[in-house]
Every structure is written in C-alpha cells, then in structure tokens.
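**Q** File coords.cif below, mmCIF, C-alpha atoms:
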```cif
data_query
loop_
_atom_site.label_atom_id
_atom_site.label_comp_id
_atom_site.auth_asym_id
_atom_site.auth_seq_id
_atom_site.Cartn_x
_atom_site.Cartn_y
_atom_site.Cartn_z
CA MET A 243 108.06 93.83 100.36
CA ALA A 244 111.46 93.98 98.69
CA ALA A 245 112.26 92.58 95.28
CA GLY A 246 115.65 91.92 93.72
CA VAL A 247 116.63 93.61 90.47
CA LEU A 248 119.12 92.49 87.86
CA ALA A 249 120.33 94.86 85.16
CA GLY A 250 121.29 93.60 81.74
CA GLU A 251 123.77 95.33 79.43
CA GLY A 252 122.29 97.19 76.49
CA LYS A 253 121.57 100.59 75.02
CA GLU A 254 122.75 103.71 76.76
CA THR A 255 119.95 105.38 78.65
CA ALA A 256 119.27 107.77 81.47
CA VAL A 257 117.28 106.18 84.25
CA ALA A 258 114.93 109.09 84.81
CA GLY A 259 113.02 109.05 88.06
CA ILE A 260 115.78 107.24 89.95
CA MET A 261 118.93 109.36 89.99
CA ALA A 262 119.31 112.41 92.21
CA ALA A 263 121.95 114.23 94.19
CA GLY A 264 122.82 112.75 97.56
CA GLY A 265 122.42 114.29 100.97
CA LYS A 266 120.74 113.76 104.29
CA TYR A 267 117.18 112.43 104.01
CA LYS A 268 114.74 115.25 104.67
CA VAL A 269 111.50 116.25 103.00
CA THR A 270 111.86 120.03 103.37
CA GLY A 271 114.32 122.81 102.59
CA ASP A 272 117.42 122.31 100.46
CA TRP A 273 117.06 118.53 100.54
CA LEU A 274 113.65 118.73 98.93
CA MET A 275 115.15 120.76 96.08
CA LYS A 276 117.76 118.04 95.47
CA ARG A 277 115.20 115.30 94.95
CA ASN A 278 113.41 114.68 91.68
CA ALA A 279 109.64 114.57 91.34
CA LEU A 280 109.28 110.81 91.75
CA GLN A 281 111.50 110.75 94.84
CA GLN A 282 109.49 113.59 96.36
CA GLN A 283 106.28 111.63 95.80
CA VAL A 284 107.81 108.56 97.47
CA ASP A 285 108.73 110.75 100.44
CA THR A 286 105.01 111.42 101.01
CA LEU A 287 104.05 107.75 101.35
CA PRO A 288 104.62 107.35 105.11
CA ASP A 289 102.32 110.29 105.88
CA LEU A 290 99.80 108.92 103.38
CA VAL A 291 99.58 105.72 105.42
CA ARG A 292 99.10 107.75 108.61
CA GLU A 293 96.33 109.79 106.98
CA MET A 294 94.42 106.88 105.48
CA VAL A 295 94.65 103.84 107.72
CA ASP A 296 92.07 104.78 110.38
CA GLY A 297 89.50 105.88 107.82
CA LEU A 298 89.94 102.67 105.87
CA VAL A 299 89.53 100.57 109.03
CA THR A 300 86.13 102.23 109.53
CA ALA A 301 85.15 101.97 105.86
CA VAL A 302 85.96 98.27 105.68
CA SER A 303 84.11 97.50 108.92
CA ARG A 304 80.98 99.28 107.69
CA SER A 305 81.13 97.70 104.24
CA PHE A 306 81.50 94.02 105.17
CA SER A 307 78.91 92.75 107.65
CA ASN A 308 79.74 89.82 109.89
CA SER A 309 77.03 87.70 108.31
CA LEU A 310 78.45 88.33 104.84
CA CYS A 311 81.98 87.50 105.98
CA GLU A 312 80.88 84.29 107.67
CA GLY A 313 79.38 83.00 104.42
CA ILE A 314 82.44 83.51 102.22
CA ASP A 315 84.30 80.39 101.08
CA PHE A 316 86.71 81.74 98.45
CA VAL A 317 88.20 85.14 97.57
CA TYR A 318 89.17 86.30 94.09
CA LEU A 319 91.19 89.48 93.66
CA THR A 320 91.38 91.11 90.26
CA GLY A 321 92.46 94.24 88.42
CA CYS A 322 94.75 95.60 85.71
CA GLY A 323 98.26 97.07 85.87
CA ASP A 324 99.12 98.47 89.30
CA SER A 325 95.65 97.39 90.42
CA HIS A 326 96.57 93.79 89.62
CA HIS A 327 99.97 94.06 91.30
CA ALA A 328 98.36 95.09 94.61
CA PRO A 329 96.15 91.95 94.69
CA VAL A 330 99.20 89.78 93.96
CA ASN A 331 100.82 91.37 97.02
CA ALA A 332 97.71 90.74 99.13
CA GLU A 333 96.79 87.22 98.02
CA LEU A 334 98.77 85.52 100.81
CA ALA A 335 97.27 87.87 103.41
CA PHE A 336 93.78 86.57 102.63
CA ARG A 337 95.01 83.02 103.07
CA GLN A 338 96.89 83.71 106.29
CA LEU A 339 94.81 86.42 107.95
CA ALA A 340 91.32 85.64 106.67
CA GLY A 341 91.85 81.88 106.65
CA LEU A 342 90.35 81.65 103.17
CA PRO A 343 91.62 80.28 99.86
CA ALA A 344 92.38 83.22 97.58
CA SER A 345 93.49 83.81 94.02
CA ALA A 346 94.81 87.01 92.41
CA LEU A 347 94.19 87.22 88.67
CA THR A 348 94.33 89.85 85.97
CA ALA A 349 90.91 91.19 85.05
CA MET A 350 91.15 89.54 81.62
CA GLN A 351 92.09 86.18 83.14
CA PHE A 352 89.24 86.37 85.63
CA ALA A 353 86.53 87.70 83.29
CA ARG A 354 87.18 85.48 80.30
CA TYR A 355 88.60 82.31 81.82
CA THR A 356 87.51 82.08 85.48
CA ALA A 357 84.20 83.80 86.23
CA GLY A 358 82.12 81.09 84.60
CA TYR A 359 84.03 78.28 86.28
CA MET A 360 84.16 79.33 89.92
CA PRO A 361 83.48 76.59 92.47
CA ARG A 362 79.87 76.30 93.56
CA SER A 363 80.42 78.03 96.85
CA ARG A 364 80.02 81.52 98.28
CA ASN A 365 82.68 83.50 96.39
CA LEU A 366 83.81 87.05 97.10
CA VAL A 367 85.29 88.87 94.10
CA ILE A 368 87.17 92.11 94.79
CA GLY A 369 87.99 94.27 91.79
CA VAL A 370 90.66 96.92 92.26
CA SER A 371 90.64 100.04 90.08
CA VAL A 372 92.01 103.42 91.09
CA SER A 373 90.13 105.37 88.42
CA GLY A 374 87.17 103.01 88.35
CA GLY A 375 87.06 103.43 84.61
CA VAL A 376 88.83 100.24 83.51
CA SER A 377 86.34 98.40 81.32
CA ARG A 378 87.94 95.00 81.81
CA THR A 379 87.67 95.24 85.61
CA ALA A 380 84.05 96.38 85.35
CA GLU A 381 83.40 93.39 83.09
CA ALA A 382 85.05 91.07 85.61
CA LEU A 383 82.75 92.26 88.39
CA ARG A 384 79.67 92.10 86.18
CA LEU A 385 80.40 88.50 85.19
CA ALA A 386 81.22 87.62 88.79
CA GLY A 387 77.83 88.92 89.85
CA LEU A 388 76.07 86.97 87.12
CA SER A 389 77.82 83.86 88.44
CA GLY A 390 76.42 84.45 91.92
CA ALA A 391 79.48 85.90 93.63
CA VAL A 392 79.46 88.74 96.13
CA THR A 393 81.16 91.65 94.36
CA ALA A 394 83.24 94.41 95.91
CA THR A 395 85.60 97.05 94.64
CA VAL A 396 88.53 98.97 96.05
CA THR A 397 88.50 102.20 94.05
CA GLY A 398 89.33 105.87 94.17
CA ASN A 399 86.11 106.77 92.35
CA ARG A 400 82.88 105.56 93.92
CA ARG A 401 80.79 106.97 91.02
CA SER A 402 82.69 105.02 88.38
CA ALA A 403 81.73 102.19 86.05
CA VAL A 404 83.58 99.69 88.23
CA ALA A 405 81.80 100.92 91.37
CA LYS A 406 78.43 100.55 89.65
CA GLU A 407 79.12 96.85 89.06
CA ALA A 408 79.97 96.18 92.72
CA GLU A 409 77.69 95.53 95.66
CA ILE A 410 80.32 96.86 98.06
CA VAL A 411 82.54 99.90 97.46
CA VAL A 412 85.61 100.70 99.56
CA ASP A 413 86.70 104.24 98.68
CA THR A 414 90.49 104.65 98.47
CA ALA A 415 90.65 108.17 97.02
CA VAL A 416 93.99 109.54 98.22
CA PRO A 417 94.39 112.96 99.85
CA PRO A 418 95.94 115.67 97.65
CA LEU A 419 99.70 116.06 97.60
CA PRO A 420 101.25 118.75 99.81
CA ASP A 421 101.06 122.22 98.24
CA GLU A 422 104.75 122.27 97.30
CA LEU A 423 104.33 119.06 95.30
CA GLN A 424 101.13 119.97 93.45
CA GLY A 425 101.37 119.53 89.70
CA LEU A 426 103.97 116.77 89.73
CA ILE A 427 103.50 114.37 86.83
CA VAL A 428 105.35 111.16 87.63
CA PRO A 429 104.64 107.41 87.77
CA GLY A 430 102.04 106.99 90.49
CA THR A 431 102.79 105.31 93.81
CA ARG A 432 100.26 106.76 96.25
CA SER A 433 97.17 105.01 94.93
CA TYR A 434 99.03 101.68 94.97
CA VAL A 435 99.76 102.08 98.69
CA ALA A 436 96.11 102.97 99.33
CA SER A 437 94.94 99.86 97.47
CA GLN A 438 97.32 97.67 99.46
CA LEU A 439 96.14 99.12 102.76
CA ALA A 440 92.51 98.49 101.87
CA LEU A 441 93.13 94.90 100.78
CA TYR A 442 95.10 94.02 103.91
CA LEU A 443 92.43 95.58 106.11
CA ILE A 444 89.71 93.61 104.32
CA ALA A 445 91.69 90.42 104.94
CA ILE A 446 92.03 91.26 108.63
CA HIS A 447 88.34 92.12 108.93
CA LEU A 448 87.32 88.86 107.26
CA GLY A 449 89.59 86.95 109.60
CA GLN A 450 88.09 88.56 112.69
CA ALA A 451 84.49 88.23 111.52
CA ARG A 452 84.98 84.55 110.71
CA GLY A 453 86.70 83.77 114.02
CA HIS A 454 90.03 83.04 112.36
CA LEU A 455 91.55 85.97 114.26
CA THR A 456 90.69 87.11 117.76
CA LYS A 457 89.64 90.72 118.18
CA LYS A 458 92.91 91.36 120.01
CA ALA A 459 94.98 89.84 117.21
CA ALA A 460 93.05 91.74 114.53
CA ASN A 461 93.47 95.06 116.31
CA SER A 462 97.17 94.35 116.76
CA LEU A 463 97.52 93.80 113.02
CA ARG A 464 95.66 97.03 112.29
CA ARG A 465 98.05 98.93 114.56
CA GLU A 466 100.99 97.29 112.81
CA LEU A 467 99.71 98.53 109.46
CA GLY A 468 99.62 102.08 110.81
CA GLN A 469 103.11 101.70 112.26
CA ILE A 470 104.45 100.65 108.87
CA ALA A 471 104.69 104.39 108.17
CA ASP A 472 107.64 104.64 110.57
CA LEU A 473 109.34 101.68 108.91
CA MET A 474 108.76 103.23 105.49
CA GLU A 475 110.55 106.40 106.59
CA GLN A 476 113.47 104.37 107.90
CA THR A 477 113.63 102.31 104.71
CA ILE A 478 113.69 105.41 102.49
CA ALA A 479 116.43 107.00 104.59
CA GLN A 480 118.59 103.87 104.77
CA ASN A 481 118.29 102.90 101.11
CA ASP A 482 118.21 106.23 99.32
CA ALA A 483 121.98 106.63 98.83
CA ILE A 484 122.36 102.96 97.90
CA SER A 485 119.60 103.24 95.30
CA GLN A 486 121.17 106.33 93.77
CA GLN A 487 124.54 104.61 93.52
CA LEU A 488 123.00 101.57 91.81
CA ALA A 489 121.17 103.85 89.38
CA ARG A 490 124.45 105.49 88.43
CA GLU A 491 126.10 102.10 87.93
CA TRP A 492 123.19 100.75 85.86
CA GLN A 493 122.37 103.81 83.75
CA ASP A 494 123.73 102.16 80.57
CA ALA A 495 121.65 99.01 81.04
CA GLY A 496 118.78 98.40 78.65
CA LEU A 497 116.98 95.52 80.35
CA PHE A 498 115.88 95.25 83.96
CA VAL A 499 114.46 92.07 85.51
CA TYR A 500 112.86 92.37 88.94
CA CYS A 501 112.69 89.06 90.81
CA GLY A 502 110.32 88.09 93.59
CA ALA A 503 108.09 85.28 94.81
CA GLY A 504 104.87 85.14 96.80
CA PRO A 505 103.82 88.66 97.87
CA ASN A 506 107.13 89.97 96.59
CA TYR A 507 106.20 88.96 93.06
CA GLY A 508 103.60 91.73 93.24
CA THR A 509 106.37 94.10 94.32
CA ALA A 510 108.49 92.95 91.39
CA LEU A 511 105.61 93.58 88.97
CA PHE A 512 104.97 97.05 90.38
CA SER A 513 108.65 97.98 90.43
CA ALA A 514 109.12 96.92 86.82
CA ALA A 515 106.09 98.99 85.84
CA LYS A 516 107.44 102.10 87.57
CA LEU A 517 110.86 101.77 85.91
CA LEU A 518 109.22 101.34 82.51
CA GLU A 519 107.06 104.41 83.11
CA ALA A 520 109.94 106.50 84.48
CA SER A 521 112.66 105.78 81.92
CA GLY A 522 111.10 103.89 79.03
CA ASP A 523 113.58 101.03 79.46
CA ILE A 524 112.54 97.42 79.07
CA ALA A 525 111.61 96.17 82.53
CA LEU A 526 109.84 92.99 83.51
CA ALA A 527 109.10 90.87 86.55
CA GLN A 528 109.95 87.22 87.02
CA ASP A 529 109.45 84.62 89.72
CA THR A 530 112.77 84.19 91.50
CA GLU A 531 113.04 80.46 90.84
CA GLU A 532 111.87 80.84 87.25
CA TRP A 533 114.59 83.45 86.69
CA ALA A 534 117.13 80.81 87.68
CA HIS A 535 115.70 78.50 85.00
CA LEU A 536 115.37 81.11 82.24
CA GLN A 537 116.89 84.62 82.32
CA TYR A 538 119.93 83.37 84.25
CA PHE A 539 121.18 81.79 81.04
#
```
Take the structure in the file and give it back as structure tokens.
**A**
Amino acid sequence: MAAGVLAGEGKETAVAGIMAAGGKYKVTGDWLMKRNALQQQVDTLPDLVREMVDGLVTAVSRSFSNSLCEGIDFVYLTGCGDSHHAPVNAELAFRQLAGLPASALTAMQFARYTAGYMPRSRNLVIGVSVSGGVSRTAEALRLAGLSGAVTATVTGNRRSAVAKEAEIVVDTAVPPLPDELQGLIVPGTRSYVASQLALYLIAIHLGQARGHLTKKAANSLRRELGQIADLMEQTIAQNDAISQQLAREWQDAGLFVYCGAGPNYGTALFSAAKLLEASGDIALAQDTEEWAHLQYF
C-alpha cells in the first residue's frame, strides 16, 4: 500500500511528526525514547493487527448471514476523512475478493448525489466512521435505507448516531495504547488500520458466502491478513532511516503531493492527511497519471 510523494519548494517549515534521531529499530528502552509520539504510535500497528484480526473475523461472520450475502448485487462504501480513505483502499478488494461491483464515495457524494439513484438491485451500503458521530455519514446510511439498501457500518462506537442508522454494526473499537504511550496526542493511525481490516474481512466473507471464493481460499486470505503484522514490522524497520533522511531533505518544502492509483490512491489520501495534521503544511493526494498531466508542469 505504498504511495509516492513529491515535495515542492516553498516556505521553511519543520516537518513535525516525521523527523527523529536514528538508531536500530526497537520499541523499548533507549530506542523508544528517541522516537517521537507519532513514530511510537506507528510502532504499535503490527501488534494492533495481531490483537484485532481474529475478533473481527468472528464479528464479520456473525453480522453478515449467508442469505444476506447471496442477495447482494452492488456494494457502496462511504465515509469522511480517514474513514473515506479506508474505503478507497478497499474498493478493489470487494471487486476481486467478493466478486461484486463496488464504489467508494465520500459521504456527501453518496448522500446527496448517489443514494437516490442507485440501480434497482440489492445494494449493500457500508458507512465507515470511527467516532460514529459524523452527521454526513449517518445521513448517508439513513438515505441508503430509505432507498431500500441493506445498511452496515464499520465503527468504533456501536452506540453512536451512525450505528443507529445501520442494520448491521461491525465494532472496530481499538484496544488502548500500551501504558508507556498513554496520553499521546498525535494524528491517528490505529483506527484507520482497524477500519481497513474490517473492510477486507467483509469482502472476503462476502466472497466465500457467495461462492466466489472457496472456504480454503477465504481462510488463506484471512491468515494472510494476520500475517501482514510481520510484514509491517519489517517495513517499518527497513524504511525508518530512509524516511528520516527524506524528512531532513524536505523540511523546507511547503507543498507535498502524494501520488497513487487504485488502492494506493487511498494510501495517498491518508498520507497527505497525516502530513497536514502533523506539520500544517499543504499536502494533497493525486492520481499518479493525473499528476503527470497537471502538477508535473
């Protein structure tokens, strides 16, 4: 899920949340003290996957009956901010793994310009909201229900306004941070990973229930999702020093454009959001090919 980044020249700035002293990758002891709050949160993501994946497999299986899955013809994924970026990442998974046409839209785009014009088929609309308090996502699910769609939500708050508008609730409340990291206030990454896990597991479950995936293939994919934790640890270790060096080289840049296509466009959107939140610099996402037609010049 990598996305390219291009830094433009501009005002002098400190890229907070990126730079840190180098050293051997380790999450305890002296190395922990050398890493800033955002880096320390990123270090927790592999264990977060290990903690959550099995529970989410069970939650998804209990939430989506085989008969419901068999009747679905189209999947809409919607949300705002990070909770829109995760659906953009997962859109292709629903097409490939569930064997269903799928579309990821912002909550505004879905609620105001799509809900009333969905094809006359059995639609599944999944609204993603970590807090569950986003009024636009609640509106999207309410209008989807009025249009006859099956409504579901992936949320960290099952008592929220968004959850009340959904027929199906998949709870993605993340475990608390380790004691030594309690109280950190940084751009959030943990809830985004939880949302992605849930969406991919829903896609796999739909695929198995509909006969698009064999049980063996579906279980293999679920195991692969759990094993991503090991790959995440390797990726952090291998790219940490490189990322720090790039941050030092780009600290005077004032514009950052993250490029990606397909699922990686969701990564580009999320990455741009985290840079904006961490440093206040102008950061945006662009389709890789569109960048070549526009920002390149």
**Q** Selected by the PyMOL selection byres ((chain A and resi 505-514) around 7) in the shown coordinates: which residues, as number ranges by chain?
**A** A: 243-245, 324, 327-328, 330-332, 334, 500-504, 515-518, 525-527, 529
**Q** Using all atoms listed in the file, which of the listed residues (A:Lys406, A:Arg354, A:His535, A:Arg337) sits closest to Ala445 of chain A?
**A**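 Among the listed residues, A:Arg337 lies closest to Ala445 of chain A.
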**Q** Given the PyMOL selection byres ((chain A and resi 410) around 8) and the file above, list the residues it selects as a compact mmCIF listing (two decimals) with C-alpha atoms, in the frame of the given file.
**A**
```
# COMPACT_ATOMS: atom_id res chain seq x y z
CA SER A 305 81.13 97.70 104.24
CA PHE A 306 81.50 94.02 105.17
CA THR A 393 81.16 91.65 94.36
CA ALA A 394 83.24 94.41 95.91
CA THR A 395 85.60 97.05 94.64
CA ALA A 405 81.80 100.92 91.37
CA ALA A 408 79.97 96.18 92.72
CA GLU A 409 77.69 95.53 95.66
CA VAL A 411 82.54 99.90 97.46
CA VAL A 412 85.61 100.70 99.56
```
**Q** Hey, can I get the axis-aligned box for segment 421-431 of chain A? All listed atoms, 3 Å padding on each side, centre and edge lengths in Å to one decimal, as AutoDock Vina command-line options.
**A**
```
--center_x 103.2 --center_y 113.8 --center_z 92.5 --size_x 10.3 --size_y 23.0 --size_z 17.4
```
**Q** Which residue gives the smallest distance to Ala382 of chain A among A:Val370, A:Leu339, A:Ile524, A:Ala344, with all atoms listed in the file counted?
**A**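 Among the listed residues, the smallest separation from Ala382 of chain A belongs to A:Val370.
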**Q** So what do you get for atom CA of Phe498 of chain A versus atom CA of Thr530 of chain A, distance-wise?
**A**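 Distance reported for this atom pair: 13.7 Å.
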**Q** Just to confirm, what's the straight-line distance from atom CA of Gln487 of chain A to atom CA of Thr431 of chain A in Å (one decimal)?
**A**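 Between these atoms lies a distance of 21.8 Å.
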**Q** Once you count only C-alpha atoms, which residues end up no further than 12 Å from (85.7, 101.9, 96.4) in the file's frame, shown as a VMD selection string?
**A** chain A and resid 298 301 to 302 305 368 to 375 393 to 416 433 436 to 437 440 to 441
**Q** Using the chain letters and residue numbers of this document, give as an mmCIF file with C-alpha atoms, keeping the file's coordinate frame the residues selected by the PyMOL selection byres ((chain A and resi 446-462) around 7).
**A**
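Output contents, as saved in part_3.cif:
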```cif
data_model
loop_
_atom_site.group_PDB
_atom_site.id
_atom_site.type_symbol
_atom_site.label_atom_id
_atom_site.label_comp_id
_atom_site.auth_asym_id
_atom_site.auth_seq_id
_atom_site.Cartn_x
_atom_site.Cartn_y
_atom_site.Cartn_z
ATOM 1 C CA SER A 303 84.110 97.500 108.920
ATOM 2 C CA ASN A 308 79.740 89.820 109.890
ATOM 3 C CA CYS A 311 81.980 87.500 105.980
ATOM 4 C CA GLU A 312 80.880 84.290 107.670
ATOM 5 C CA LEU A 339 94.810 86.420 107.950
ATOM 6 C CA ALA A 340 91.320 85.640 106.670
ATOM 7 C CA GLY A 341 91.850 81.880 106.650
ATOM 8 C CA TYR A 442 95.100 94.020 103.910
ATOM 9 C CA LEU A 443 92.430 95.580 106.110
ATOM 10 C CA ILE A 444 89.710 93.610 104.320
ATOM 11 C CA ALA A 445 91.690 90.420 104.940
ATOM 12 C CA LEU A 463 97.520 93.800 113.020
ATOM 13 C CA ARG A 464 95.660 97.030 112.290
ATOM 14 C CA ARG A 465 98.050 98.930 114.560
ATOM 15 C CA GLU A 466 100.990 97.290 112.810
#
```
**Q** Go through A:Ile470, A:Gly430, A:Ala495, A:Gln476 and flag the residue nearest Val284 of chain A, using all atoms listed in the file for the distances.
**A**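 So, comparing all the options, the nearest one is A:Gly430.
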**Q** Report as a list in words all protein, DNA and RNA residues lying within 10 Å of Thr348 of chain A, evaluated on only C-alpha atoms, omitting residues in the same chain fewer than 4 positions from it.
**A**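 Within the cut-off, the hits are Leu319, Thr320, Gly321, Cys322, Gly323, Ser325, His326, His327, Pro329, Val330, Phe352, Ala353, Gly369, Arg378, Thr379 and Ala382 of chain A.
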**Q** What's the separation between atom CA of Glu531 of chain A and atom CA of Leu347 of chain A, in Å to one decimal place?
**A**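 Interatomic distance here is 20.1 Å.
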**Q** Looking at only C-alpha atoms, which of A:Met350, A:Ala391, A:Met294, A:Leu423 is the one that sits closest to Ser377 of chain A?
**A** A:Met350
**Q** Pick from A:Gly468, A:Gly358, A:Gly313, A:Pro420: nearest to Val299 of chain A, with all atoms listed in the file counted?
**A**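 Checking each candidate against Val299 of chain A, we get A:Gly468 as the closest.
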**Q** Could you check the closest approach to Gly496 of chain A for each of A:Ser345, A:Thr286, A:Ser521, A:Gln351 and tell me which residue wins, using only C-alpha atoms?
**A**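 Counting only C-alpha atoms, the residue closest to Gly496 of chain A is A:Ser521.
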